[in-house]
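Taking it in order: structure first as structure tokens, then the write-up.
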Amino acid sequence: MRYFAVFLFSLFSLLAHAQDQKTETVSGTIIVDDTREPVSGVNIININKVKGTTTDAKGNFTIEAVANDTLHISYIGFQSIKVRVTNDWIKFKTVAKIPITERAYTLEEVIIDKYHLTGYLPIDSKLIPIKESYRYNIAGLSQGYEGGQHSPNAFKRVLSTMLNPADLLNNLFGKKGNEMRRLREMKKDDTVRNALASKFDRETLAALLGVTKNDIAEILEHCNYSTDFINTANDLQIMDAISGCYEEYKVMHRSK
């Protein structure tokens, strides 16, 4: 009888512990700021947990979160925002109405004759730059992407920058170890990957990594990626490129 009582006490303790450890979530509705209409397909990413979701047809969402987590909310054509999760939001299970604001775009001048061609083939053939790019295979993608001007010493230049203690990669990767380790989690979450695949603004990626957009460009430059790739790749391609560079960085510094 005594052993049975001990068993019951242990069972109740485990059940109580499991309830304390249950996953907390928050819910909300994304609406347009001026019309108050719900927006479907909005990307919501918990930066702290690297978990993502999207709003349904009525603009509703539910996502795993605890107090003080930050939700990054983004949608094409609208300004991205960050929302802090509060204790009250979790405790009272309120469905927060979160407004997003449409972007105001200003069209820039379009240059048709970029290279100022003369129409004379022998001259024009010399005016148009020839870009020979070394191509890398990036994890998670079906095709390779170039990493800067082709050169027999391209890979050596990548390694030399990583081994330089004063290099930006060492300063940034070394200080942002926790953020860079999130790359593995980001690659596991399909919602996060799908969100990044449709973006070219670097906002969500910068928020997830805790860096600036300029930091992202500098990282890729130091990893020997060309300006064309940096300017035209989507955020998923950029994430995989940084991930590959970071893995190489860790290998080189582990062997020092």
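Just so we're on the same page: first chain in the structure tokens is A, next is B, and so on; residues restart at 1 for each chain, and ligands are numbered from 1 in the order they show up.
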
Give me the residues within 8 Å of A:Ser40 as a PyMOL selection string, counting only C-alpha atoms and dropping any in the same chain fewer than 3 places off.
chain A and resi 30+54-60

Near-A:Pro99 list (6 Å; only C-alpha atoms; drop same-chain fewer than 3 positions) as a VMD selection string
chain A and resid 30 to 33

Output N, CA and C atoms of each residue in that selection to a file, as a PDB file, in the first residue's frame.
```pdb
ATOM      1  N   ILE A  30      -4.463  39.945 -38.050  1.00  0.00           N
ATOM      2  CA  ILE A  30      -3.768  41.002 -38.783  1.00  0.00           C
ATOM      3  C   ILE A  30      -4.783  41.751 -39.641  1.00  0.00           C
ATOM      4  N   ILE A  31      -4.817  43.067 -39.498  1.00  0.00           N
ATOM      5  CA  ILE A  31      -5.769  43.891 -40.252  1.00  0.00           C
ATOM      6  C   ILE A  31      -5.027  45.039 -40.941  1.00  0.00           C
ATOM      7  N   VAL A  32      -5.629  45.570 -41.987  1.00  0.00           N
ATOM      8  CA  VAL A  32      -5.073  46.737 -42.670  1.00  0.00           C
ATOM      9  C   VAL A  32      -5.348  47.976 -41.819  1.00  0.00           C
ATOM     10  N   ASP A  33      -4.362  48.810 -41.667  1.00  0.00           N
ATOM     11  CA  ASP A  33      -4.444  49.943 -40.748  1.00  0.00           C
ATOM     12  C   ASP A  33      -5.621  50.867 -41.047  1.00  0.00           C
TER      13      ASP A  33
END
```

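Proximity ranking of A:Lys97, A:Arg202, A:Glu37, A:Asn46 relative to A:Thr232 places A:Arg202 first, based on only C-alpha atoms.
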
Which residues are near A:Val85? Cut-off 9 Å, only C-alpha atoms, ignore same chain within fewer than 5 positions. Put them as a JSON list (two decimals) with C-alpha atoms, in the first residue's frame.
```
[["chain", "number", "residue", "atom", "x", "y", "z"],
["A", 26, "VAL", "CA", -0.64, 33.63, -28.49],
["A", 65, "ALA", "CA", 5.50, 32.09, -27.74],
["A", 66, "VAL", "CA", 6.38, 33.06, -24.17],
["A", 67, "ALA", "CA", 6.53, 36.45, -22.51],
["A", 68, "ASN", "CA", 9.09, 38.85, -24.04],
["A", 69, "ASP", "CA", 9.39, 36.91, -27.30],
["A", 70, "THR", "CA", 9.37, 39.11, -30.40],
["A", 71, "LEU", "CA", 7.10, 38.42, -33.37],
["A", 90, "ILE", "CA", -0.58, 34.96, -22.76]]
```

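Across the model, the gap from atom CA of A:Ser243 to atom CA of A:Met180 is 7.9 Å.
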
So that each row is one residue of stretch 13-68 of chain A with an atom at most 10 Å from stretch 190-200 of chain A, can you give its shortest atom pair and the distance in Å to one decimal, using only C-alpha atoms, rows by chain and rising number, as JSON lines?
```
{"residue": "A:Gly41", "atom": "CA", "partner": "A:Ala195", "partner_atom": "CA", "distance": 9.9}
{"residue": "A:Val42", "atom": "CA", "partner": "A:Ala195", "partner_atom": "CA", "distance": 9.1}
{"residue": "A:Asn43", "atom": "CA", "partner": "A:Ala195", "partner_atom": "CA", "distance": 6.4}
{"residue": "A:Ile44", "atom": "CA", "partner": "A:Val192", "partner_atom": "CA", "distance": 8.8}
{"residue": "A:Ile45", "atom": "CA", "partner": "A:Val192", "partner_atom": "CA", "distance": 7.0}
{"residue": "A:Asn46", "atom": "CA", "partner": "A:Val192", "partner_atom": "CA", "distance": 9.6}
{"residue": "A:Val50", "atom": "CA", "partner": "A:Val192", "partner_atom": "CA", "distance": 7.7}
{"residue": "A:Lys51", "atom": "CA", "partner": "A:Val192", "partner_atom": "CA", "distance": 7.0}
{"residue": "A:Gly52", "atom": "CA", "partner": "A:Thr191", "partner_atom": "CA", "distance": 5.3}
{"residue": "A:Thr53", "atom": "CA", "partner": "A:Thr191", "partner_atom": "CA", "distance": 5.8}
{"residue": "A:Thr54", "atom": "CA", "partner": "A:Thr191", "partner_atom": "CA", "distance": 7.6}
```

Please determine, counting only C-alpha atoms, which residue among A:Asn171, A:Glu24, A:Arg182, A:Arg103 has the shortest atom-to-atom distance to A:Ala207.
A:Arg182

Return as JSON, numbers by chain the full set of residues in stretch 220-253 of chain A whose backbone-based DSSP assignment is alpha helix (DSSP H).
{"A": [220, 221, 222, 227, 228, 229, 230, 231, 232, 235, 236, 237, 238, 239, 240, 241, 242, 243, 244, 245, 246, 247, 248, 249, 250, 251, 252, 253]}

Just to be explicit: take each residue in the selection above, keep N, CA and C atoms, and write the result as a compact mmCIF listing (two decimals), in the first residue's frame.
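Contents of out-v1.txt, as written:
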```txt
# COMPACT_ATOMS: atom_id res chain seq x y z
N LEU A 220 28.49 38.58 -47.11
CA LEU A 220 28.54 37.91 -48.41
C LEU A 220 29.73 38.38 -49.24
N GLU A 221 30.07 39.65 -49.14
CA GLU A 221 31.25 40.15 -49.84
C GLU A 221 32.51 39.46 -49.34
N HIS A 222 32.62 39.31 -48.02
CA HIS A 222 33.79 38.65 -47.45
C HIS A 222 33.80 37.15 -47.75
N THR A 227 28.43 41.14 -56.33
CA THR A 227 27.41 42.16 -56.13
C THR A 227 26.09 41.76 -56.77
N ASP A 228 26.16 41.11 -57.95
CA ASP A 228 24.95 40.67 -58.63
C ASP A 228 24.15 39.69 -57.77
N PHE A 229 24.85 38.73 -57.17
CA PHE A 229 24.16 37.76 -56.32
C PHE A 229 23.57 38.44 -55.09
N ILE A 230 24.34 39.31 -54.46
CA ILE A 230 23.90 39.99 -53.24
C ILE A 230 22.65 40.83 -53.52
N ASN A 231 22.59 41.46 -54.69
CA ASN A 231 21.49 42.36 -55.01
C ASN A 231 20.25 41.64 -55.55
N THR A 232 20.41 40.46 -56.15
CA THR A 232 19.29 39.83 -56.84
C THR A 232 18.75 38.57 -56.16
N ASP A 235 15.78 36.07 -50.11
CA ASP A 235 16.30 35.94 -48.74
C ASP A 235 16.63 34.50 -48.38
N LEU A 236 15.94 33.54 -48.97
CA LEU A 236 16.26 32.14 -48.71
C LEU A 236 17.63 31.78 -49.27
N GLN A 237 17.90 32.25 -50.48
CA GLN A 237 19.21 32.00 -51.08
C GLN A 237 20.32 32.69 -50.27
N ILE A 238 20.02 33.90 -49.80
CA ILE A 238 21.00 34.62 -48.98
C ILE A 238 21.25 33.87 -47.67
N MET A 239 20.17 33.35 -47.05
CA MET A 239 20.32 32.61 -45.80
C MET A 239 21.19 31.38 -46.00
N ASP A 240 20.96 30.63 -47.07
CA ASP A 240 21.75 29.44 -47.32
C ASP A 240 23.21 29.78 -47.62
N ALA A 241 23.42 30.91 -48.30
CA ALA A 241 24.79 31.34 -48.58
C ALA A 241 25.52 31.69 -47.28
N ILE A 242 24.87 32.44 -46.40
CA ILE A 242 25.48 32.79 -45.11
C ILE A 242 25.70 31.54 -44.27
N SER A 243 24.76 30.62 -44.31
CA SER A 243 24.88 29.38 -43.55
C SER A 243 26.11 28.59 -44.00
N GLY A 244 26.29 28.48 -45.32
CA GLY A 244 27.45 27.77 -45.84
C GLY A 244 28.75 28.44 -45.45
N CYS A 245 28.75 29.76 -45.50
CA CYS A 245 29.94 30.52 -45.13
C CYS A 245 30.25 30.35 -43.65
N TYR A 246 29.22 30.36 -42.82
CA TYR A 246 29.41 30.21 -41.37
C TYR A 246 29.94 28.83 -41.03
N GLU A 247 29.45 27.79 -41.71
CA GLU A 247 29.94 26.44 -41.46
C GLU A 247 31.42 26.33 -41.82
N GLU A 248 31.83 26.95 -42.93
CA GLU A 248 33.24 26.96 -43.31
C GLU A 248 34.07 27.73 -42.28
N TYR A 249 33.52 28.83 -41.81
CA TYR A 249 34.20 29.65 -40.80
C TYR A 249 34.46 28.82 -39.53
N LYS A 250 33.44 28.06 -39.10
CA LYS A 250 33.59 27.26 -37.88
C LYS A 250 34.65 26.18 -38.06
N VAL A 251 34.65 25.54 -39.23
CA VAL A 251 35.64 24.49 -39.50
C VAL A 251 37.06 25.04 -39.44
N MET A 252 37.25 26.20 -40.07
CA MET A 252 38.60 26.78 -40.12
C MET A 252 39.05 27.20 -38.73
N HIS A 253 38.17 27.77 -37.94
CA HIS A 253 38.57 28.23 -36.61
C HIS A 253 38.68 27.09 -35.61
```

Between atom CA of A:Thr25 and atom CA of A:Glu64, what is the spacing in Å?
4.3 Å

I'd like to know which of A:Gly77, A:Thr35, A:Ser27, A:His72 is closest to A:Trp89, using only C-alpha atoms.
A:Ser27

With a distance cut-off of 8 Å and only C-alpha atoms, select the neighbouring residues of A:Glu203, excluding the residue or stretch itself and same-chain residues fewer than 2 positions from it, and output the selection as JSON, numbers by chain.
{"A": [80, 201, 205, 206, 207, 213]}
